[in-house]
Amino acid sequence: MAPDIDSLTKDDLGDDLGDRGGDRDLALRWSGRVSLTRRILAVNIFALLLLAGGFFYLDSYRSRILDSRTAQAAREARLIARAIAGVAPAKRDPLLMIMAEDTGARLRLFDADGAEAFDTRKEGLRNFTLVDPDREGWDQVFARFLDAGIDTVVGADRAPLYRERRNGARWPDVEAATARSVLATTVWRAPDRTPVITAAAPVPGGGAVMTTVNARDITQTVRVERFRLGVVLAVTTMVSVLLSLFLARTIVRPLRRLARAAVRVRLGRAREVVVPRLPDRRDELGLLARALSDMSLALRARIDATEAFAADVTHELKNPLASLRSAVEGLARVQDPALQNRLLGIVRDDVLRLDRLLTDISEASRLDAQLSRAQFERVDVAAMVEGLLAQREERGVERGVRLILDRRDAGGAVVLGEGARLERVVENLIDNALSFSPQGGAVAIAVRREGSDLVIQVDDDGPGVPEDSRESVFRRFQSVRPASEAFGQHSGLGLAIARTIVEAHQGAISAESREGGVAGARFVVRLPLADV
C-alpha cells in the first residue's frame with residue numbers, strides 16, 4: 001500500500017516538536033472567541049479610526065490659523081494707531097473709515113478716559129455683522145453641532161460669548177491699551193460659534209484704537225477641510241468594509257466548508273465526504289484544502305485497506321483452521337496408525353502455517369503505524385547488504401544455493417531510512433529468491449547508484465514471475481508458487497511487507513525479467529540517495 005504521509009527524519013521531528021512547543025505563542029485568548037469576519041473588519045476599521053483622528057488634528061489647524069489672525073489683528077491695530085497719531089484730529093475720522101474699508105474690520109477710537117469717540121459702524125459702514133444662528137439652515141446647525149462635539153472631545157478652550165458693551169461698560173482690551181499703554185487682543189465667540197477677534201493699541205498722545213473682525217473664514221476653512229476629510233473617510237470606510245467582507249468571504253467560506261467536511265470525516269462518514277480541493281486557489285487556503293483532501297483520501301484508502309486486510313486475514317486463517325479441524329476430527333475416527341501419523345503431520349503443518357501467518361500478520365498490521373513514527377538516519381546500504389549475506393553464509397544456505405554480491409558501482413550508497421526495516425526488505429527478497437532457486441542455483445544481489453537513486457537488484461534462477469502477475473505478487477496473501485512446494489512454508493506477506501517499507505522510504509519496488517532471455521526473476525528496489 002502506498003504511504004500516506006512522509007516519514008520524519010530527526011530534523012523534521014525536531015521542527016515538529018518545536019512547533020508544538022510554540023503552540024502557546026500561537027494561542028489566541030480573547031480574540032480566539034471572535035470570528036475571522038469580525039476580526040478582519042475590526043482591524044481595518046481600527047486603521048480607519050486612526051485616519052479619523054484627522055478630525056481632531058483640524059482643531060490644532062484652526063488654532064494655528066486663529067493665532068495667526070490674532071497676531072495680524074494686533075499688527076493692524078498698532079499700524080492704525082500710529083497712522084492716526086500722525087494726522088490732524090479733523091482727518092482722523094475719514095482716515096479710520098478708509099482703513100476700515102481696506103481691512104474689513106470695525107474700527108473704534110477711544111479717548112484717554114476710555115470713552116468711545118468714533119465708531120465706523122455708527123458712521124454707516126457695516127462691515128462687521130454677526131449672523132443669527134436661528135436663521136441658518138440645517139447644514140449650519142449640523143456643522144455647529146460637530147464643532148461643539150469635536151471641541152468637547154479635544155478639550156478646546158471655550159471662548160467667551162461676544163456681546164456689545166452698553167451703558168458705558170469698558171472693553172478689557174481698551175482698558176489695557178489706555179491705562180497701561182500695551183497692545184491687547186481677545187478672541188470671542190459669536191452666536192454662530194465663529195471667532196470674533198478684537199485688538200486694541202494705544203494711540204501715541206493718549207487714547208486707543210480697537211479693531212473688531214468676525215473671522216468667519218477661519219470656521220469656514222476648517223469646516224470645508226473637515227467635509228473633505230469626511231468624504232474621504234466615508235469613501236475609504238465603504239471601500240474598506242467591502243474589501244473586508246470580500247476578504248472574509250474568500251477566507252472564511254472555504255474554511256467553513258473545510259471544517260464541515262472535517263467534522264463529517266470525524267463522525268465516521270469519510271467515504272461519503274468529498275473535501276473541496278479548491279484547485280483554482282494558489283494561496284495557503286488552496287494548499288490547506290488540497291492537504292485535507294489528500295488526507296481524507298489517504299484515510300479512506302487506509303480504511304479500505306484495513307477492511308480488505310481483515311477480510312484477507314479471515315480467509316487465510318479459515319483454510320488452515322478448516323484443514324486442522326478435519327484432521328483432528330479424522331484422528332478420532334481413524335484406527336490405522338499410518339493414517340493417524342499422516343493426519344498428525346497435517347496437524348503439525350497447519351499449526352506451523354498458522355504460526356507463520358499470525359507472525360507475519362502481526363508485523364504487517366503494525367508496520368504502517370511503526371513507519372509513521374520512524375526516525376530516519378543515514379544508512380550505508382551496500383555495507384548493510386554485505387553484512388546480511390555474510391550472516392546468511394555463516395548459517396548455511398539451503399540446497400547449496402550460492403549468494404553473489406556485486407557492489408562495484410555502489411560508491412557512497414547512503415540513504416535516509418530505518419536500518420532495521422531496510423534489512424527486512426533485503427531479507428524478504430533474498431528469502432523469496434532462495435525459495436524459487438533450484439538445487440545449486442545462484443542468487444545475485446547488486447547494489448549500485450543510478451543518478452539520484454540507489455538501486456538494489458536481486459536475481460534468482462527460478463521460473464520467474466509471469467508478466468500478468470508482476471503487480472499482484474506484491475499484494476497481501478498473494479503468491480505464485482509451484483504446486484509441488486512444501487505446504488505452509490510461505491504466508492504471501494513477504495513481498496507486500498517489502499513494498500510497504502520501500503514506499504514509506506519514498507522508493508519503489510518492481511518485478512522484472514532478466515536480460516538476455518535468462519530464466520529467473522528479478523526484483524528491483526529504488527531508493528532516493530541521501531546526498532543528492
# chains A, B, ... in the order shown; residues from 1 in each chain; ligands from 1
call {"tool": "residues_around", "arguments": {"residues": "Val443 of chain A", "least_positions_apart": "6", "cutoff": "6 Å", "atoms": "only C-alpha atoms", "output": "ChimeraX atom specification"}}
result
/A:403,459-460
call {"tool": "closest_atom_pairs", "arguments": {"of": "segment 213-256 of chain A", "to": "segment 72-82 of chain A", "cutoff": "12 Å", "atoms": "only C-alpha atoms", "output": "CSV"}}
result
residue,atom,partner,partner_atom,distance
A:Val213,CA,A:Ala73,CA,8.4
A:Asn214,CA,A:Ala73,CA,11.2
A:Ala215,CA,A:Ala73,CA,10.6
call {"tool": "atom_distance", "arguments": {"atom1": "atom CA of Pro204 of chain A", "atom2": "atom CA of Met99 of chain A"}}
result
17.9 Å
call {"tool": "residues_around", "arguments": {"residues": "Lys122 of chain A", "least_positions_apart": "3", "cutoff": "12 Å", "atoms": "only C-alpha atoms", "output": "list in words"}}
result
Asp93, Met97, Arg106, Leu107, Arg108, Leu109, Glu116, Ala117, Phe118, Asp119, Leu125, Arg126, Asn127 and Phe128 of chain A
call {"tool": "write_last_selection", "arguments": {"atoms": "C-alpha atoms", "output": "JSON list (two decimals), in the first residue's frame"}}
result
[["chain", "number", "residue", "atom", "x", "y", "z"],
["A", 93, "ASP", "CA", -12.35, 110.06, 11.16],
["A", 97, "MET", "CA", -13.27, 104.96, 7.51],
["A", 106, "ARG", "CA", -14.86, 97.57, 12.53],
["A", 107, "LEU", "CA", -12.75, 100.44, 13.94],
["A", 108, "ARG", "CA", -13.44, 102.35, 17.11],
["A", 109, "LEU", "CA", -11.48, 105.20, 18.64],
["A", 116, "GLU", "CA", -15.82, 105.90, 22.74],
["A", 117, "ALA", "CA", -15.02, 108.80, 20.42],
["A", 118, "PHE", "CA", -15.62, 107.26, 16.98],
["A", 119, "ASP", "CA", -17.22, 104.08, 15.58],
["A", 125, "LEU", "CA", -20.02, 101.27, 7.49],
["A", 126, "ARG", "CA", -21.45, 97.81, 8.32],
["A", 127, "ASN", "CA", -18.51, 95.57, 7.58],
["A", 128, "PHE", "CA", -18.92, 93.78, 10.91]]
call {"tool": "residues_around", "arguments": {"residues": "Leu41 of chain A", "least_positions_apart": "6", "cutoff": "9 Å", "atoms": "only C-alpha atoms", "output": "ChimeraX atom specification"}}
result
/A:240-241,244-245,248
call {"tool": "select_by_dssp", "arguments": {"residues": "segment 180-415 of chain A", "states": "alpha helix (DSSP H)", "output": "PyMOL selection string"}}
result
chain A and resi 216-266+284-333+337-372+381-395
call {"tool": "write_last_selection", "arguments": {"atoms": "C-alpha atoms", "output": "compact mmCIF listing (two decimals), in the first residue's frame"}}
result
# COMPACT_ATOMS: atom_id res chain seq x y z
CA ARG A 216 -15.95 83.59 9.69
CA ASP A 217 -13.48 82.47 7.05
CA ILE A 218 -11.50 80.54 9.68
CA THR A 219 -14.53 78.47 10.65
CA GLN A 220 -15.50 78.07 7.00
CA THR A 221 -12.00 76.86 6.10
CA VAL A 222 -11.98 74.33 8.93
CA ARG A 223 -15.44 73.08 8.02
CA VAL A 224 -14.50 72.71 4.35
CA GLU A 225 -11.41 70.71 5.29
CA ARG A 226 -13.47 68.61 7.67
CA PHE A 227 -16.06 67.97 4.97
CA ARG A 228 -13.36 66.86 2.55
CA LEU A 229 -11.83 64.64 5.18
CA GLY A 230 -15.27 63.27 5.98
CA VAL A 231 -15.91 62.44 2.32
CA VAL A 232 -12.52 60.71 2.07
CA LEU A 233 -13.17 58.85 5.31
CA ALA A 234 -16.66 57.79 4.20
CA VAL A 235 -15.44 56.53 0.83
CA THR A 236 -12.46 54.82 2.44
CA THR A 237 -14.69 53.24 5.07
CA MET A 238 -17.08 51.93 2.45
CA VAL A 239 -14.26 50.54 0.32
CA SER A 240 -12.54 49.08 3.39
CA VAL A 241 -15.73 47.40 4.60
CA LEU A 242 -16.44 45.97 1.16
CA LEU A 243 -12.86 44.74 0.83
CA SER A 244 -13.00 43.31 4.34
CA LEU A 245 -16.21 41.46 3.54
CA PHE A 246 -14.69 40.23 0.30
CA LEU A 247 -11.55 39.11 2.10
CA ALA A 248 -13.59 37.46 4.82
CA ARG A 249 -15.73 35.77 2.17
CA THR A 250 -12.70 34.38 0.36
CA ILE A 251 -11.15 33.14 3.61
CA VAL A 252 -14.00 32.26 5.95
CA ARG A 253 -16.31 30.48 3.50
CA PRO A 254 -13.68 27.99 2.28
CA LEU A 255 -12.59 27.43 5.89
CA ARG A 256 -16.16 26.69 6.90
CA ARG A 257 -16.54 24.22 4.04
CA LEU A 258 -13.30 22.52 5.02
CA ALA A 259 -14.35 22.49 8.68
CA ARG A 260 -17.72 20.90 7.84
CA ALA A 261 -16.00 18.26 5.72
CA ALA A 262 -13.50 17.56 8.52
CA VAL A 263 -16.34 17.18 11.02
CA ARG A 264 -18.11 14.69 8.77
CA VAL A 265 -14.88 12.74 8.42
CA ARG A 266 -14.52 12.75 12.20
CA GLU A 284 -2.35 28.97 1.70
CA LEU A 285 -6.06 28.09 1.72
CA GLY A 286 -5.62 26.17 -1.52
CA LEU A 287 -2.68 24.30 -0.02
CA LEU A 288 -4.73 23.55 3.08
CA ALA A 289 -7.71 22.35 1.04
CA ARG A 290 -5.58 20.03 -1.06
CA ALA A 291 -3.76 18.76 2.01
CA LEU A 292 -7.06 17.98 3.74
CA SER A 293 -8.40 16.35 0.59
CA ASP A 294 -5.29 14.19 0.27
CA MET A 295 -5.52 13.36 3.96
CA SER A 296 -9.16 12.28 3.62
CA LEU A 297 -8.30 10.18 0.56
CA ALA A 298 -5.41 8.62 2.45
CA LEU A 299 -7.71 7.94 5.39
CA ARG A 300 -10.28 6.40 3.07
CA ALA A 301 -7.59 4.25 1.44
CA ARG A 302 -6.33 3.20 4.87
CA ILE A 303 -9.84 2.25 5.98
CA ASP A 304 -10.42 0.28 2.78
CA ALA A 305 -7.04 -1.39 3.16
CA THR A 306 -7.83 -2.27 6.77
CA GLU A 307 -11.15 -3.81 5.76
CA ALA A 308 -9.54 -5.69 2.88
CA PHE A 309 -6.73 -6.86 5.15
CA ALA A 310 -9.24 -8.09 7.74
CA ALA A 311 -11.15 -9.97 5.04
CA ASP A 312 -7.92 -11.49 3.69
CA VAL A 313 -6.80 -12.50 7.17
CA THR A 314 -10.14 -14.15 7.81
CA HIS A 315 -9.90 -16.02 4.54
CA GLU A 316 -6.29 -17.11 5.07
CA LEU A 317 -6.96 -18.28 8.62
CA LYS A 318 -10.03 -20.24 7.64
CA ASN A 319 -8.08 -22.52 5.28
CA PRO A 320 -5.59 -23.92 7.84
CA LEU A 321 -8.27 -23.97 10.53
CA ALA A 322 -10.60 -25.99 8.28
CA SER A 323 -7.77 -28.39 7.45
CA LEU A 324 -6.81 -28.61 11.11
CA ARG A 325 -10.41 -29.28 12.15
CA SER A 326 -10.78 -32.00 9.53
CA ALA A 327 -7.54 -33.66 10.63
CA VAL A 328 -8.49 -33.52 14.32
CA GLU A 329 -11.94 -34.95 13.62
CA GLY A 330 -10.34 -37.69 11.49
CA LEU A 331 -7.97 -38.66 14.28
CA ALA A 332 -10.96 -39.56 16.47
CA ARG A 333 -12.33 -41.98 13.88
CA PRO A 337 -1.51 -45.97 12.76
CA ALA A 338 -0.09 -44.95 9.38
CA LEU A 339 -3.12 -42.81 8.61
CA GLN A 340 -3.03 -41.34 12.11
CA ASN A 341 0.61 -40.34 11.61
CA ARG A 342 -0.33 -38.75 8.32
CA LEU A 343 -3.11 -36.77 9.99
CA LEU A 344 -0.76 -35.71 12.77
CA GLY A 345 1.65 -34.46 10.11
CA ILE A 346 -1.17 -32.39 8.63
CA VAL A 347 -1.92 -31.01 12.07
CA ARG A 348 1.72 -30.05 12.54
CA ASP A 349 1.85 -28.40 9.13
CA ASP A 350 -1.32 -26.46 9.83
CA VAL A 351 -0.04 -25.31 13.20
CA LEU A 352 3.21 -24.16 11.58
CA ARG A 353 1.26 -22.38 8.88
CA LEU A 354 -0.94 -20.67 11.48
CA ASP A 355 2.11 -19.63 13.47
CA ARG A 356 3.77 -18.18 10.38
CA LEU A 357 0.56 -16.45 9.33
CA LEU A 358 -0.03 -14.91 12.74
CA THR A 359 3.57 -13.72 12.99
CA ASP A 360 3.52 -12.09 9.55
CA ILE A 361 0.02 -10.70 10.05
CA SER A 362 1.05 -9.16 13.36
CA GLU A 363 4.04 -7.48 11.76
CA ALA A 364 2.11 -6.34 8.69
CA SER A 365 -0.68 -4.85 10.81
CA ARG A 366 1.78 -2.80 12.89
CA LEU A 367 4.02 -1.82 10.02
CA ASP A 368 2.24 1.37 8.88
CA ALA A 369 2.00 2.77 12.40
CA GLN A 370 5.62 1.94 13.16
CA LEU A 371 6.85 3.51 9.93
CA SER A 372 4.90 6.71 10.61
CA VAL A 381 23.00 0.10 2.11
CA ALA A 382 25.98 -1.60 0.45
CA ALA A 383 27.59 -2.36 3.83
CA MET A 384 24.25 -3.48 5.20
CA VAL A 385 23.66 -5.95 2.34
CA GLU A 386 27.22 -7.27 2.65
CA GLY A 387 26.68 -7.92 6.36
CA LEU A 388 23.37 -9.69 5.74
CA LEU A 389 24.92 -12.02 3.15
CA ALA A 390 27.84 -12.79 5.48
CA GLN A 391 25.38 -13.83 8.21
CA ARG A 392 23.46 -15.99 5.74
CA GLU A 393 26.57 -17.80 4.64
CA GLU A 394 27.61 -18.40 8.24
CA ARG A 395 24.23 -20.03 8.97
call {"tool": "select_by_dssp", "arguments": {"residues": "segment 162-205 of chain A", "states": "strand (DSSP E)", "output": "PyMOL selection string"}}
result
chain A and resi 184-189+195-202
call {"tool": "atom_distance", "arguments": {"atom1": "atom CA of Ala508 of chain A", "atom2": "atom CA of Val524 of chain A"}}
result
8.2 Å
call {"tool": "closest_residue", "arguments": {"among": "A:Ala504, A:Ala105, A:Ala85, A:Val525", "to": "Arg373 of chain A", "atoms": "only C-alpha atoms"}}
result
A:Ala504
call {"tool": "atom_distance", "arguments": {"atom1": "atom CA of Ala200 of chain A", "atom2": "atom CA of Thr70 of chain A"}}
result
11.3 Å
call {"tool": "residues_around", "arguments": {"residues": "Ala496 of chain A", "least_positions_apart": "6", "cutoff": "7 Å", "atoms": "only C-alpha atoms", "output": "PDB file with C-alpha atoms, in the first residue's frame"}}
result
ATOM      1  CA  PHE A 474       3.109  -7.529  -4.071  1.00  0.00           C
ATOM      2  CA  ARG A 475      -0.422  -7.821  -2.741  1.00  0.00           C
ATOM      3  CA  ARG A 476      -1.045  -9.339   0.637  1.00  0.00           C
TER       4      ARG A 476
END
call {"tool": "closest_residue", "arguments": {"among": "A:Gly494, A:Pro463, A:Pro528, A:Gly168", "to": "Arg514 of chain A", "atoms": "only C-alpha atoms"}}
result
A:Pro463
